[in-house]
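With compact mmCIF, C-alpha atoms inside, this is my_file01.txt:
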```
# COMPACT_ATOMS: atom_id res chain seq x y z
CA MET A 1 31.83 1.47 -16.49
CA ALA A 2 29.12 -1.19 -16.37
CA ASN A 3 29.51 -4.31 -14.24
CA THR A 4 29.96 -7.68 -15.92
CA LEU A 5 26.82 -9.81 -15.57
CA SER A 6 27.15 -13.47 -14.60
CA GLU A 7 24.92 -16.16 -16.07
CA LYS A 8 23.17 -16.39 -12.71
CA SER A 9 22.42 -12.64 -12.77
CA LYS A 10 21.09 -12.86 -16.33
CA SER A 11 18.85 -15.80 -15.41
CA SER A 12 17.59 -13.97 -12.31
CA MET A 13 16.74 -10.91 -14.41
CA ILE A 14 14.75 -12.97 -16.89
CA THR A 15 12.86 -14.76 -14.09
CA ARG A 16 12.05 -11.47 -12.36
CA ILE A 17 10.79 -9.94 -15.60
CA ILE A 18 8.54 -12.92 -16.42
CA THR A 19 7.12 -13.01 -12.88
CA GLY A 20 6.54 -9.26 -12.98
CA VAL A 21 4.62 -9.51 -16.24
CA VAL A 22 2.43 -12.31 -14.86
CA LEU A 23 1.79 -10.34 -11.65
CA VAL A 24 0.73 -7.25 -13.60
CA ALA A 25 -1.47 -9.41 -15.86
CA VAL A 26 -3.38 -10.58 -12.78
CA ALA A 27 -3.40 -7.39 -10.72
CA LEU A 28 -4.22 -4.95 -13.51
CA PRO A 29 -7.64 -6.41 -14.46
CA ALA A 30 -8.59 -6.84 -10.79
CA GLY A 31 -7.68 -3.24 -10.01
CA ILE A 32 -9.52 -1.94 -13.06
CA LEU A 33 -12.68 -3.95 -12.41
CA GLY A 34 -12.64 -2.99 -8.73
CA GLY A 35 -15.42 -4.33 -6.49
CA TRP A 36 -14.93 -7.80 -5.12
CA PHE A 37 -12.18 -8.55 -7.64
CA VAL A 38 -9.68 -6.21 -6.01
CA PHE A 39 -10.84 -7.02 -2.48
CA VAL A 40 -10.45 -10.78 -2.92
CA LEU A 41 -7.00 -10.30 -4.48
CA LEU A 42 -5.81 -8.08 -1.62
CA LEU A 43 -7.35 -10.40 0.99
CA PHE A 44 -5.55 -13.37 -0.59
CA LEU A 45 -2.24 -11.48 -0.55
CA ALA A 46 -2.79 -10.44 3.08
CA LEU A 47 -3.49 -14.01 4.22
CA VAL A 48 -0.47 -15.38 2.30
CA GLY A 49 1.66 -12.59 3.75
CA SER A 50 0.35 -13.46 7.21
CA HIS A 51 1.43 -17.07 6.69
CA GLU A 52 4.88 -15.94 5.58
CA LEU A 53 5.33 -13.84 8.73
CA LEU A 54 4.24 -16.73 10.94
CA GLU A 55 6.93 -18.88 9.31
CA VAL A 56 9.76 -16.38 9.79
CA PRO A 57 11.00 -17.60 13.23
CA GLY A 58 10.61 -21.23 12.09
CA PRO A 59 7.78 -23.49 10.84
CA LYS A 60 7.13 -24.92 14.31
CA LYS A 61 7.60 -21.80 16.39
CA PHE A 62 3.97 -20.71 16.66
CA SER A 63 1.24 -23.04 17.86
CA LEU A 64 -2.07 -23.68 16.10
CA PRO A 65 -4.05 -21.36 18.45
CA ILE A 66 -1.67 -18.49 17.68
CA ARG A 67 -1.97 -19.15 13.96
CA ILE A 68 -5.78 -19.26 14.12
CA ILE A 69 -5.90 -16.03 16.13
CA THR A 70 -3.53 -14.35 13.68
CA TYR A 71 -5.42 -15.40 10.54
CA THR A 72 -8.69 -14.35 12.16
CA TYR A 73 -7.21 -10.98 13.09
CA VAL A 74 -6.01 -10.32 9.53
CA LEU A 75 -9.35 -11.41 8.06
CA LEU A 76 -11.42 -9.25 10.43
CA LEU A 77 -9.12 -6.27 9.97
CA MET A 78 -9.56 -6.47 6.20
CA LEU A 79 -13.33 -6.84 6.60
CA SER A 80 -13.43 -3.80 8.90
CA PHE A 81 -13.20 -1.78 5.68
CA PHE A 82 -16.87 -2.64 5.16
CA ILE A 83 -18.18 -1.67 8.61
CA LYS A 84 -19.58 1.62 7.29
CA PRO A 85 -21.48 0.19 4.29
CA TRP A 86 -22.85 -2.64 6.42
CA ALA A 87 -24.09 -0.04 8.91
CA ASN A 88 -25.65 1.88 6.02
CA GLY A 89 -27.37 -1.24 4.75
CA SER A 90 -25.42 -1.61 1.51
CA LEU A 91 -22.47 -3.98 1.15
CA ASP A 92 -21.49 -2.39 -2.16
CA ALA A 93 -21.26 1.12 -0.76
CA TRP A 94 -17.48 1.18 -0.95
CA PHE A 95 -17.60 0.06 -4.56
CA MET A 96 -19.38 3.22 -5.70
CA LEU A 97 -18.25 6.81 -5.92
CA ASP A 98 -21.32 8.44 -4.44
CA VAL A 99 -20.44 10.83 -1.63
CA ASN A 100 -23.90 12.28 -1.19
CA LYS A 101 -25.46 8.84 -0.67
CA TYR A 102 -22.89 7.19 1.58
CA GLY A 103 -21.32 10.11 3.38
CA SER A 104 -17.69 10.20 4.41
CA ILE A 105 -15.20 8.77 6.85
CA THR A 106 -14.77 10.38 10.24
CA PRO A 107 -11.91 9.68 12.68
CA MET A 108 -14.31 7.43 14.64
CA PHE A 109 -14.21 5.02 11.68
CA PHE A 110 -10.84 3.83 12.97
CA LEU A 111 -12.27 2.72 16.31
CA VAL A 112 -13.04 -0.84 15.11
CA PRO A 113 -9.57 -1.52 13.63
CA ILE A 114 -7.91 -0.14 16.75
CA LEU A 115 -10.06 -2.35 18.97
CA LEU A 116 -9.20 -5.40 16.82
CA THR A 117 -5.49 -4.63 17.19
CA LEU A 118 -5.84 -4.33 20.96
CA VAL A 119 -7.73 -7.63 21.17
CA TYR A 120 -5.04 -9.32 19.06
CA PHE A 121 -2.25 -7.93 21.26
CA PHE A 122 -3.89 -8.92 24.54
CA SER A 123 -4.77 -12.39 23.19
CA LEU A 124 -1.15 -13.07 22.28
CA PHE A 125 0.08 -11.49 25.51
CA PHE A 126 -2.23 -13.78 27.50
CA ILE A 127 -0.82 -16.81 25.64
CA ALA A 128 2.73 -15.60 26.39
CA ILE A 129 1.88 -15.39 30.10
CA ARG A 130 0.46 -18.92 30.11
CA SER A 131 3.07 -20.59 27.87
CA GLU A 132 6.82 -20.75 28.42
CA LYS A 133 7.34 -21.35 24.69
CA VAL A 134 6.02 -17.90 23.71
CA GLU A 135 8.21 -14.95 24.63
CA LEU A 136 7.46 -11.24 24.69
CA ALA A 137 9.66 -10.80 21.61
CA ASP A 138 7.36 -13.21 19.72
CA VAL A 139 4.28 -11.19 20.68
CA THR A 140 5.97 -7.94 19.66
CA PHE A 141 7.11 -9.39 16.33
CA LEU A 142 3.67 -10.69 15.39
CA VAL A 143 1.67 -7.66 16.49
CA VAL A 144 3.98 -5.18 14.75
CA THR A 145 4.52 -7.07 11.47
CA GLU A 146 1.01 -8.48 11.03
CA THR A 147 -0.58 -5.13 11.85
CA PHE A 148 1.76 -3.16 9.59
CA MET A 149 1.20 -5.58 6.72
CA THR A 150 -2.59 -5.66 7.03
CA TYR A 151 -2.94 -1.90 7.41
CA GLY A 152 -0.76 -1.60 4.32
CA PHE A 153 -3.17 -3.73 2.28
CA LEU A 154 -6.08 -1.79 3.78
CA GLY A 155 -4.32 1.34 2.58
CA MET A 156 -4.26 -0.10 -0.94
CA LEU A 157 -7.96 -0.88 -0.72
CA PHE A 158 -8.69 2.62 0.58
CA LEU A 159 -6.67 4.31 -2.18
CA ARG A 160 -8.48 2.24 -4.83
CA TYR A 161 -11.71 4.06 -3.86
CA PHE A 162 -10.29 7.40 -2.77
CA PRO A 163 -11.66 10.07 -2.67
CA ASN A 164 -15.25 8.92 -2.22
CA ALA A 165 -14.54 7.83 1.35
CA THR A 166 -12.99 11.02 2.67
CA GLY A 167 -14.11 14.05 4.60
CA PHE A 168 -12.68 16.33 1.90
CA PHE A 169 -15.24 15.29 -0.64
CA GLY A 170 -17.91 15.21 2.02
CA ASN A 171 -17.27 18.93 2.45
CA PRO A 172 -20.16 20.96 0.97
CA VAL A 173 -17.68 23.12 -0.96
CA SER A 174 -16.26 20.14 -2.81
CA ALA A 175 -18.87 17.37 -2.70
CA ASN A 176 -21.16 18.80 -5.35
CA TRP A 177 -18.27 19.69 -7.64
CA PHE A 178 -16.76 16.24 -7.26
CA SER A 179 -20.06 14.47 -7.93
CA LEU A 180 -20.67 16.57 -11.03
CA TYR A 181 -17.14 15.90 -12.25
CA TYR A 182 -17.48 12.15 -11.91
CA GLN A 183 -20.97 12.06 -13.37
CA SER A 184 -19.92 14.10 -16.40
CA HIS A 185 -16.92 11.80 -16.96
CA ASP A 186 -18.90 8.61 -16.28
CA LEU A 187 -16.37 7.41 -13.69
CA ALA A 188 -18.65 5.99 -10.99
CA GLN A 189 -17.22 2.46 -11.29
CA ASN A 190 -15.00 3.12 -14.26
CA TRP A 191 -11.40 1.95 -14.56
CA SER A 192 -10.16 5.51 -14.17
CA SER A 193 -11.10 5.54 -10.48
CA SER A 194 -8.16 3.14 -10.03
CA ILE A 195 -5.54 5.56 -11.37
CA LEU A 196 -4.39 6.58 -7.89
CA ILE A 197 -3.53 3.10 -6.61
CA PHE A 198 -1.90 2.14 -9.92
CA ALA A 199 0.19 5.32 -9.89
CA LEU A 200 1.36 4.51 -6.37
CA CYS A 201 2.09 0.84 -7.06
CA PHE A 202 3.89 1.36 -10.35
CA GLY A 203 5.72 4.41 -9.00
CA THR A 204 6.98 2.21 -6.17
CA TRP A 205 7.74 -0.83 -8.30
CA PHE A 206 9.59 1.23 -10.90
CA ALA A 207 11.78 2.52 -8.07
CA ASP A 208 12.56 -1.11 -7.21
CA ILE A 209 13.05 -2.04 -10.88
CA GLY A 210 15.32 0.93 -11.53
CA ALA A 211 17.29 0.28 -8.35
CA TYR A 212 17.75 -3.39 -9.28
CA PHE A 213 18.90 -2.90 -12.87
CA VAL A 214 21.01 0.20 -12.23
CA GLY A 215 22.48 -1.45 -9.14
CA VAL A 216 23.36 -4.64 -11.00
CA LEU A 217 24.88 -2.76 -13.94
CA PHE A 218 26.55 0.18 -12.22
CA GLY A 219 26.35 -0.35 -8.46
CA LYS A 220 29.61 0.21 -6.57
CA HIS A 221 28.79 1.84 -3.24
CA LYS A 222 26.71 -0.16 -0.74
CA MET A 223 23.89 1.61 1.11
CA ASN A 224 23.83 -0.71 4.12
CA GLU A 225 25.61 -4.01 3.54
CA ARG A 226 24.68 -5.31 6.99
CA ILE A 227 20.95 -5.16 6.30
CA SER A 228 20.65 -5.30 2.52
CA PRO A 229 23.96 -6.34 0.89
CA ASN A 230 22.75 -5.92 -2.69
CA LYS A 231 21.42 -2.35 -2.45
CA THR A 232 23.71 0.41 -3.69
CA TRP A 233 23.55 4.20 -3.77
CA GLU A 234 23.78 4.09 -7.55
CA GLY A 235 20.78 1.77 -7.60
CA PHE A 236 18.85 4.03 -5.23
CA ILE A 237 19.45 7.09 -7.41
CA GLY A 238 18.49 5.12 -10.52
CA GLY A 239 15.35 3.91 -8.73
CA CYS A 240 14.37 7.48 -7.85
CA LEU A 241 14.76 8.55 -11.47
CA PHE A 242 12.71 5.59 -12.74
CA SER A 243 10.00 6.25 -10.13
CA TYR A 244 9.73 9.97 -10.86
CA LEU A 245 9.76 9.45 -14.62
CA PHE A 246 6.91 6.96 -14.46
CA PHE A 247 4.86 8.59 -11.71
CA PHE A 248 4.96 12.22 -12.86
CA GLY A 249 4.99 11.29 -16.56
CA GLY A 250 1.98 8.99 -16.14
CA VAL A 251 0.05 11.48 -14.02
CA ALA A 252 0.71 14.29 -16.52
CA LEU A 253 -0.36 12.06 -19.40
CA PHE A 254 -3.70 11.21 -17.80
CA GLU A 255 -4.38 14.78 -16.68
CA PHE A 256 -3.46 16.70 -19.82
CA VAL A 257 -4.25 14.14 -22.51
CA PHE A 258 -7.21 12.21 -21.08
CA ASP A 259 -8.53 14.92 -18.70
CA MET A 260 -8.25 12.54 -15.73
CA PRO A 261 -6.35 14.15 -12.82
CA LEU A 262 -4.94 11.77 -10.24
CA VAL A 263 -7.48 12.98 -7.68
CA PRO A 264 -9.63 15.81 -9.10
CA GLY A 265 -9.38 18.93 -6.95
CA LEU A 266 -6.75 17.53 -4.60
CA LEU A 267 -3.90 15.90 -6.55
CA GLN A 268 -3.43 17.55 -9.92
CA PHE A 269 -0.98 19.79 -11.76
CA GLY A 270 -3.58 22.38 -12.68
CA HIS A 271 -5.10 25.03 -10.42
CA SER A 272 -7.77 23.68 -8.05
CA GLU A 273 -10.82 25.85 -7.51
CA VAL A 274 -11.90 23.49 -4.75
CA LEU A 275 -8.73 24.06 -2.71
CA ALA A 276 -8.87 27.77 -3.46
CA ASN A 277 -12.43 28.00 -2.11
CA MET A 278 -11.28 26.17 1.01
CA ASN A 279 -8.31 28.56 1.43
CA ILE A 280 -5.77 25.73 1.10
CA LEU A 281 -2.48 26.68 -0.63
CA GLY A 282 -4.31 29.17 -2.80
CA GLY A 283 -5.55 26.32 -4.97
CA ASN A 284 -2.05 25.00 -5.77
CA ALA A 285 -2.86 21.29 -5.74
CA TRP A 286 0.46 20.46 -7.45
CA VAL A 287 2.24 20.90 -4.10
CA PHE A 288 0.46 17.84 -2.67
CA LEU A 289 1.02 15.91 -5.89
CA VAL A 290 4.75 16.63 -5.97
CA LEU A 291 5.13 15.87 -2.26
CA ILE A 292 3.57 12.42 -2.57
CA GLY A 293 5.48 11.62 -5.76
CA LEU A 294 8.84 12.65 -4.30
CA LEU A 295 8.31 10.57 -1.16
CA LEU A 296 7.54 7.29 -2.99
CA PRO A 297 11.10 5.93 -3.42
CA PHE A 298 12.22 7.16 0.01
CA ILE A 299 9.38 5.64 2.03
CA GLY A 300 9.44 2.56 -0.21
CA ASN A 301 13.12 2.04 0.61
CA LEU A 302 12.40 2.42 4.32
CA GLY A 303 9.78 -0.32 4.01
CA GLY A 304 12.26 -2.50 2.15
CA PHE A 305 14.96 -1.99 4.77
CA LEU A 306 12.49 -2.71 7.58
CA PHE A 307 11.60 -6.15 6.26
CA SER A 308 15.21 -6.82 5.20
CA LEU A 309 16.27 -6.14 8.78
CA ILE A 310 13.76 -8.73 9.96
CA LYS A 311 15.13 -11.27 7.45
CA ARG A 312 18.70 -10.68 8.59
CA HIS A 313 17.67 -10.98 12.23
CA TYR A 314 16.06 -14.38 11.66
CA GLY A 315 18.59 -15.56 9.07
CA ILE A 316 16.23 -16.15 6.13
CA LYS A 317 16.72 -15.24 2.47
CA ASP A 318 13.11 -14.69 1.38
CA TYR A 319 9.73 -14.63 3.07
CA GLY A 320 8.25 -17.07 0.58
CA LYS A 321 8.41 -18.51 -2.92
CA ILE A 322 5.05 -17.57 -4.42
CA PHE A 323 6.70 -15.14 -6.87
CA PRO A 324 9.71 -16.78 -8.57
CA GLY A 325 12.63 -14.38 -8.70
CA HIS A 326 10.96 -12.03 -6.23
CA GLY A 327 10.30 -14.25 -3.22
CA GLY A 328 7.08 -14.05 -1.25
CA VAL A 329 4.26 -11.55 -0.87
CA ILE A 330 6.21 -9.57 1.73
CA ASP A 331 9.32 -9.51 -0.47
CA ARG A 332 7.35 -8.09 -3.38
CA PHE A 333 4.99 -5.75 -1.52
CA ASP A 334 7.13 -4.45 1.36
CA SER A 335 7.74 -1.07 -0.31
CA VAL A 336 4.16 -0.81 -1.61
CA LEU A 337 2.77 -1.52 1.86
CA ALA A 338 4.85 1.28 3.36
CA ASN A 339 3.83 3.72 0.63
CA SER A 340 0.13 2.83 0.63
CA LEU A 341 -0.07 3.22 4.40
CA SER A 342 1.80 6.53 4.51
CA THR A 343 0.07 7.94 1.41
CA GLY A 344 -3.35 6.89 2.67
CA LEU A 345 -2.76 8.63 6.01
CA LEU A 346 -1.36 11.73 4.33
CA LEU A 347 -4.30 11.99 1.94
CA LEU A 348 -6.75 11.44 4.77
CA MET A 349 -5.25 14.36 6.69
CA MET A 350 -5.28 16.48 3.55
CA SER A 351 -8.88 15.61 2.83
CA PHE A 352 -9.92 16.91 6.23
CA GLY A 353 -7.92 20.09 5.67
CA PHE A 354 -5.42 18.74 8.24
CA ASN A 355 -8.17 19.06 10.84
CA MET A 356 -8.93 15.55 12.06
CA ILE A 357 -11.17 16.68 14.93
CA ALA A 358 -13.70 19.11 13.47
```
Represent the structure contained in this file as structure tokens.
Amino acid sequence: MANTLSEKSKSSMITRIITGVVLVAVALPAGILGGWFVFVLLLFLALVGSHELLEVPGPKKFSLPIRIITYTYVLLLMLSFFIKPWANGSLDAWFMLDVNKYGSITPMFFLVPILLTLVYFFSLFFIAIRSEKVELADVTFLVVTETFMTYGFLGMLFLRYFPNATGFFGNPVSANWFSLYYQSHDLAQNWSSSILIFALCFGTWFADIGAYFVGVLFGKHKMNERISPNKTWEGFIGGCLFSYLFFFGGVALFEFVFDMPLVPGLLQFGHSEVLANMNILGGNAWVFLVLIGLLLPFIGNLGGFLFSLIKRHYGIKDYGKIFPGHGGVIDRFDSVLANSLSTGLLLLMMSFGFNMIA
């Protein structure tokens, strides 16, 4: 039996729907166009999210030096995405799908971001030693949340251009095939190179949408009332169904109707000659595809609970108000950040054949 909706619930639903439509209207063109459009959008979201996290313990908790250091850290961490193209003498290298020209990522690529994180940690730790107003818990909170958030947005940026940046498609077995595939389909900077990040985002958001509507209409059993009082098991199951329907349905539509696999040769329903030639799963790329799709609502919920736990700890309702009906950047992107980070790492390991050393 469906729950009875109050006027407040109906108004909240309408507000959330309108905000969601506006958000998609802004994000969709940026993601399709790629290049600086998507980078500037993600950088803006990261800086706003950084501000929201700095405000969590209170508007006067963190001093100006800490805020400057934090904003600088987030900015530099986002810009570290371009270290490789700058070194290669072309700022637009990441905005092109040309493996043969720009090469591929190696594990050493992560040295700069790791060094930035260490500098950020030790800078805050030094301030905590010198100032009685800054405690170790404050340093831990900022380093963990700001780093997780920024790496999540970096994951989104990485997935927008995957697989041109990976070792998998730098492999001689697959590089030529991949280049020929993209040249024959004219996808070098085409909108279709954004299918992966859109599939992840909408797969995650549809899990949230399904969980919200099913939870409001049919939710009876709370998942964890202490951390997230509005989430129910009925909503979670509904969210999973919504996510799987959109993700797998959308991926199948693009692959079988438009001949655009999610990631050609790595994430697709059909047999992969590339994986077969590399002796990986006998060419059964669908295993990777199903694995990533099935994990979306689970990891997304973990991300949601993580940031809900932080809100309960500090006694706040939302991280911000930039998205009416949804809250702030963190409120809206918490699940996406968790999924983009985990999916990016998983795909990176896959692309190296799970061999991150050789």
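Closest approach to A:Leu115 among A:Ile68, A:Leu77, A:Cys240, A:Leu341 is made by A:Leu77 (distances from all atoms listed in the file).
Comparing the minimum interatomic distances between A:Ala46 and each of A:Tyr314, A:Tyr120, A:Phe333, A:Trp233, counting all atoms listed in the file, we find that A:Phe333 sits nearest.
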Would you pick out the contacts of stretch 284-300 of chain A at 10 Å or less, using only C-alpha atoms, so that residues sharing its chain but fewer than 2 positions from it are not included, and give the list as a short mmCIF file (atom, residue, chain, number, x, y, z; two decimals) with C-alpha atoms, keeping the file's coordinate frame?
```cif
data_model
loop_
_atom_site.label_atom_id
_atom_site.label_comp_id
_atom_site.auth_asym_id
_atom_site.auth_seq_id
_atom_site.Cartn_x
_atom_site.Cartn_y
_atom_site.Cartn_z
CA ALA A 199 0.19 5.32 -9.89
CA LEU A 200 1.36 4.51 -6.37
CA CYS A 201 2.09 0.84 -7.06
CA GLY A 203 5.72 4.41 -9.00
CA THR A 204 6.98 2.21 -6.17
CA TRP A 205 7.74 -0.83 -8.30
CA PHE A 206 9.59 1.23 -10.90
CA ALA A 207 11.78 2.52 -8.07
CA ASP A 208 12.56 -1.11 -7.21
CA ALA A 211 17.29 0.28 -8.35
CA PHE A 236 18.85 4.03 -5.23
CA ILE A 237 19.45 7.09 -7.41
CA GLY A 239 15.35 3.91 -8.73
CA CYS A 240 14.37 7.48 -7.85
CA LEU A 241 14.76 8.55 -11.47
CA PHE A 242 12.71 5.59 -12.74
CA SER A 243 10.00 6.25 -10.13
CA TYR A 244 9.73 9.97 -10.86
CA PHE A 246 6.91 6.96 -14.46
CA PHE A 247 4.86 8.59 -11.71
CA PHE A 248 4.96 12.22 -12.86
CA VAL A 251 0.05 11.48 -14.02
CA LEU A 262 -4.94 11.77 -10.24
CA VAL A 263 -7.48 12.98 -7.68
CA PRO A 264 -9.63 15.81 -9.10
CA GLY A 265 -9.38 18.93 -6.95
CA LEU A 266 -6.75 17.53 -4.60
CA LEU A 267 -3.90 15.90 -6.55
CA GLN A 268 -3.43 17.55 -9.92
CA PHE A 269 -0.98 19.79 -11.76
CA GLY A 270 -3.58 22.38 -12.68
CA HIS A 271 -5.10 25.03 -10.42
CA SER A 272 -7.77 23.68 -8.05
CA GLU A 273 -10.82 25.85 -7.51
CA VAL A 274 -11.90 23.49 -4.75
CA LEU A 275 -8.73 24.06 -2.71
CA ALA A 276 -8.87 27.77 -3.46
CA ILE A 280 -5.77 25.73 1.10
CA LEU A 281 -2.48 26.68 -0.63
CA GLY A 282 -4.31 29.17 -2.80
CA LEU A 302 12.40 2.42 4.32
CA GLY A 303 9.78 -0.32 4.01
CA GLY A 304 12.26 -2.50 2.15
CA PHE A 305 14.96 -1.99 4.77
CA LEU A 306 12.49 -2.71 7.58
CA PHE A 333 4.99 -5.75 -1.52
CA ASP A 334 7.13 -4.45 1.36
CA SER A 335 7.74 -1.07 -0.31
CA VAL A 336 4.16 -0.81 -1.61
CA LEU A 337 2.77 -1.52 1.86
CA ALA A 338 4.85 1.28 3.36
CA ASN A 339 3.83 3.72 0.63
CA SER A 340 0.13 2.83 0.63
CA SER A 342 1.80 6.53 4.51
CA THR A 343 0.07 7.94 1.41
CA LEU A 346 -1.36 11.73 4.33
CA LEU A 347 -4.30 11.99 1.94
CA MET A 350 -5.28 16.48 3.55
#
```
**Fill in**
atom CA of A:Leu159 to atom CA of A:Arg67 measures 28.9 Å
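Pairwise distance (atom CA of A:Leu47, atom CA of A:Phe126) equals 23.3 Å.
Taking atom CA of A:Lys61 and atom CA of A:Asp138 as endpoints, the distance between them is 9.2 Å.
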**Asked** What lies within 12 Å of A:Lys222 using all atoms listed in the file, ignoring chain neighbours under 6 positions off, as a PyMOL selection string?
**Response** chain A and resi 215-216+228-236
